[in-house]
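Notes to accompany the following structure.
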Amino acid sequence: MPDTMRISPLGRVEGDLDLRVTLRDGVVTDAWTEASMFRGFEIILRGKDPQAGLIVTPRICGICGGSHLYKACYALDTAWRTHVPRNATLIRNIAQACETLLSIPRWFYALFAIDLTNKNYAHLPEYDEVVRRFAPFVGTSYEPGVTLSGKPVEIYALFGGQWPHSSFMIPGGVMCAPTLSDVTRAIAILEHWKREWLEKQWLGCSVERWMQIKSWNDLLVWADENDSQRNSDCGLFLRFALRAGLDKFGQGCGSFISTGTYFKPELYENPTVDGRNAALISRSGIYDGSKKAFHDFDHLNVREDITNSFYRGQSLLHPWQGETDPIDPLDGHKQGKYSWAKSPRYNVPNAGTMPLEAGPLSRQIIAGRAADAAHQDYDPFILDAVNTIGPNVLTRVLARMHEAPKYTLWVRQWLDQLDLHDKFYTKPIEHAEGRGFGATEAARGSLSDWIVISNGRIENYQVITPTAWNIGPRDGTGINGPMEQAFIGAEIKDPTDPVEMGIVARSFDSCLVCTVHAYDEKTGKELSSFRIGEMG
């Protein structure tokens with residue numbers, strides 16, 4: 001009979017994520033992820049003024065509040081049929097990208113790389129150097145990486161007035177009118193961050209050299225090209241990850257979703273749901289890994305399954321018809337339910353309704369799809385890596401870190417394109433009836449709002465976060481969520497310190513935080529009680 005291990009909580013960010021896994025001969029054979037905190041923002045927004053979403057949804061997360069503002073604003077733009085000036089789209093792009101740039105080094109050093117210093121890896125030749133650089137608080141790369149991570153949101157604050165919890169994006173544009181001094185300062189901040197962390201510490205080369213990488217083999221050539229690149233934090237991580245076998249576990253469901261983000265200003269001056277895909281720079285799409293097939297993203301194919309969630313019923317609804325009707329978890333457990341997270345699913349053409357992974361790996365896989373227009377991001381690197389070594393912890397990390405040089409170049413281009421003599425806002429008509437959809441790619445993945453307005457008030461508001469896409473429980477057909485699938489097959493070398501489970505969870509960067517309780521399934525005896533990756 002397999003052993004059972006319960007790991008709780010499993011994240012380092014916010015909220016609570018409990019994990020229970022079954023093991024046979026040290027290998028995970030099944031997994032249950034339980035989001036143990038009820039939020040209820042959809043209930044809070046019922047009956048409120050439509051613009052309440054601009055204030056309330058950014059409070060869902062203290063790390064990606066700007067992303068929540070961005071998609072909430074576009075949800076209203078489409079519902080109210082606004083006009084958004086070119087400058088406003090550029091500013092929104094810049095702000096969104098800068099918040100993501102903040103998350104990249106902060107996630108790597110403060111959340112993920114800490115697990116690489118675990119004693120279970122002490123036998124590896126790079127271990128001492130990994131500890132010297134990545135140990136929390138005292139690592140030679142940890143302190144500058146975390147400290148410099150805050151520079152990009154200084155740019156956000158220049159335009160948004162503050163970060164986090166800015167409310168400067170509004171239907172019809174943005175509430176700012178930057179000066180030449182503001183733009184010049186933003187460029188200086190971006191260049192400082194690029195020079196001091198991205199190029200000097202992380203890459204050991206220019207961003208232009210890194211962006212020449214188009215395949216997994218190109219990456220291996222880059223890693224051995226010279227001492228600067230070989231000894232960079234990226235070079236060290238790559239060598240260590242391959243020795244530690246991070247390319248051998250954490251595969252997940254193998255199918256991916258990106259709702260896309262960043263708009264070509266001239267193509268989205270009058271935002272509509274139907275016109276969204278064609279205007280995106282970082283494209284939306286679905287990738288069915290089992291068939292190696294791409295599909296266009298259509299929000300009408302999204303569903304939320306609550307069969308195993310602490311909500312009344314077992315519905316499978318599109319968010320415009322979505323319900324958030326919570327029940328007592330004690331009653332829910334009696335019905336077999338086990339999580340506050342819903343189970344987002346997507347009706348993939350010719351494949352049926354299925355779970356999809358969201359996140360940097362997803363959007364960079366979509367970037368590998370042949371582009372239809374010059375403004376669309378085409379970047380085959382990560383798709384080639386996945387086709388070569390598969391989706392796993394390593395490729396998930398590489399995809400996230402790859403976005404740092406890419407988005408840095410984009411932000412600089414957008415800053416250069418601002419026309420300070422043109423307008424940043426067009427006052428909209430506040431229609432009393434309407435339905436809207438707004439989405440973005442937050443640092444963690446696809447983040448979307450659906451709003452229904454009736455009699456000038458919010459009739460229904462549903463939010464699907466990237467964490468929900470990834471950590472949602474089994475659906476009504478019994479299919480595991482993406483993160484649950486990613487745990488299955490992983491080998492736990494030390495059941496008293498299952499660092500592998502923490503590594504898988506944090507490769508997704510779920511917005512949830514861990515004590516560990518391990519039990520023998522046969523006897524019910526507690527094997528251990530501990531905290532994964534405790535920092536002090």
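Following the order of the structure tokens, chains are lettered A, B, ..., residues in each are numbered from 1, and ligands are numbered from 1.
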### Query
Counting only C-alpha atoms, what is within 12 Å of Asn350 of chain A, bar same-chain residues fewer than 4 positions away, as a ChimeraX atom specification?
/A:288,291,293-295,346,354
### Task
Extract, using only C-alpha atoms, all DNA, RNA and protein residues at most 8 Å from segment 26-31 of chain A, discarding same-chain residues fewer than 4 positions from it, and format them as a PyMOL selection string.
chain A and resi 19-22+484-485+487-493+495
Could the residues in this selection be written to a file with C-alpha atoms, as a short mmCIF file (atom, residue, chain, number, x, y, z; two decimals), in the first residue's frame?
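This is the output file again_7.cif:
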data_model
loop_
_atom_site.label_atom_id
_atom_site.label_comp_id
_atom_site.auth_asym_id
_atom_site.auth_seq_id
_atom_site.Cartn_x
_atom_site.Cartn_y
_atom_site.Cartn_z
CA LEU A 19 -0.43 19.12 -0.65
CA ARG A 20 -1.20 15.47 -0.06
CA VAL A 21 0.62 12.90 -2.13
CA THR A 22 0.69 9.13 -2.25
CA GLU A 484 -1.26 17.91 -9.39
CA GLN A 485 -0.10 16.20 -12.57
CA PHE A 487 3.90 16.21 -8.83
CA ILE A 488 3.07 12.73 -10.14
CA GLY A 489 6.16 10.75 -11.10
CA ALA A 490 8.57 12.82 -9.01
CA GLU A 491 10.96 10.85 -6.83
CA ILE A 492 11.24 11.99 -3.23
CA LYS A 493 14.68 10.97 -2.03
CA PRO A 495 10.54 11.73 2.85
#
### Message
as a VMD selection string, please: the residues near His299 of chain A (cut-off 10 Å, only C-alpha atoms, same-chain neighbours under 4 positions excluded).
### Response
chain A and resid 259 273 to 274 303 318 to 319 346 to 347 437 to 439 448 450
### Task
Give me the residues within 8 Å of Ala358 of chain A as a PyMOL selection string, counting only C-alpha atoms and dropping any in the same chain fewer than 6 places off.
chain A and resi 256-258+444-446+466+469-470
Write a file of the just-selected residues containing N, CA and C atoms, as a PDB file, in the first residue's frame.
ATOM      1  N   PHE A 256      -1.067  23.893 -22.779  1.00  0.00           N
ATOM      2  CA  PHE A 256      -0.763  25.220 -22.266  1.00  0.00           C
ATOM      3  C   PHE A 256      -1.728  26.286 -22.790  1.00  0.00           C
ATOM      4  N   ILE A 257      -1.903  27.334 -21.970  1.00  0.00           N
ATOM      5  CA  ILE A 257      -2.751  28.463 -22.350  1.00  0.00           C
ATOM      6  C   ILE A 257      -2.014  29.778 -22.132  1.00  0.00           C
ATOM      7  N   SER A 258      -2.167  30.668 -23.086  1.00  0.00           N
ATOM      8  CA  SER A 258      -1.759  32.060 -22.913  1.00  0.00           C
ATOM      9  C   SER A 258      -2.891  32.943 -23.418  1.00  0.00           C
ATOM     10  N   ARG A 444       2.881  35.322 -13.343  1.00  0.00           N
ATOM     11  CA  ARG A 444       2.582  33.904 -13.129  1.00  0.00           C
ATOM     12  C   ARG A 444       1.759  33.282 -14.247  1.00  0.00           C
ATOM     13  N   GLY A 445       1.216  34.075 -15.158  1.00  0.00           N
ATOM     14  CA  GLY A 445       0.451  33.500 -16.261  1.00  0.00           C
ATOM     15  C   GLY A 445      -0.846  34.217 -16.544  1.00  0.00           C
ATOM     16  N   SER A 446      -1.745  33.528 -17.224  1.00  0.00           N
ATOM     17  CA  SER A 446      -2.978  34.121 -17.733  1.00  0.00           C
ATOM     18  C   SER A 446      -3.899  34.567 -16.607  1.00  0.00           C
ATOM     19  N   PRO A 466      -3.875  32.943 -12.780  1.00  0.00           N
ATOM     20  CA  PRO A 466      -2.974  31.867 -13.214  1.00  0.00           C
ATOM     21  C   PRO A 466      -2.818  30.788 -12.152  1.00  0.00           C
ATOM     22  N   TRP A 469      -5.664  28.358 -12.649  1.00  0.00           N
ATOM     23  CA  TRP A 469      -5.394  27.468 -13.773  1.00  0.00           C
ATOM     24  C   TRP A 469      -4.471  26.336 -13.346  1.00  0.00           C
ATOM     25  N   ASN A 470      -3.461  26.664 -12.541  1.00  0.00           N
ATOM     26  CA  ASN A 470      -2.424  25.682 -12.237  1.00  0.00           C
ATOM     27  C   ASN A 470      -2.729  24.786 -11.042  1.00  0.00           C
TER      28      ASN A 470
END
### Pick from A:Ala241, A:Trp80, A:Arg59, A:Thr496, whichever lies nearest to Thr272 of chain A using only C-alpha atoms
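Closest candidate: A:Trp80.
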#### Entry: Residue among A:Asn455, A:Gln321, A:Asn87, A:Gln417 lying closest to Ala432 of chain A, counting only C-alpha atoms
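The answer is A:Asn455, which sits nearest to Ala432 of chain A.
The smallest atom-to-atom distance between Thr78 of chain A and any of A:Ile479, A:Met175, A:Ala385, A:Val452, using only C-alpha atoms, is found for A:Val452.
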### Query
Between A:Arg412, A:Lys423, A:Lys342, A:Lys337, which has the minimum distance to Arg185 of chain A (counting only C-alpha atoms)?
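Looking only at the distances to Arg185 of chain A, the closest residue turns out to be A:Arg412.
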### Task
For Arg39 of chain A, list every protein, DNA or RNA residue within 9 Å, evaluated using only C-alpha atoms, and leave out those in the same chain fewer than 3 positions away; present the list as a list of chain:residue names.
A:Glu42, A:Ile60, A:Trp340
### Task
Tell me which of A:Thr465, A:Gln335, A:Thr395, A:Ser255 sits closest to Leu447 of chain A, counting only C-alpha atoms.
A:Thr465
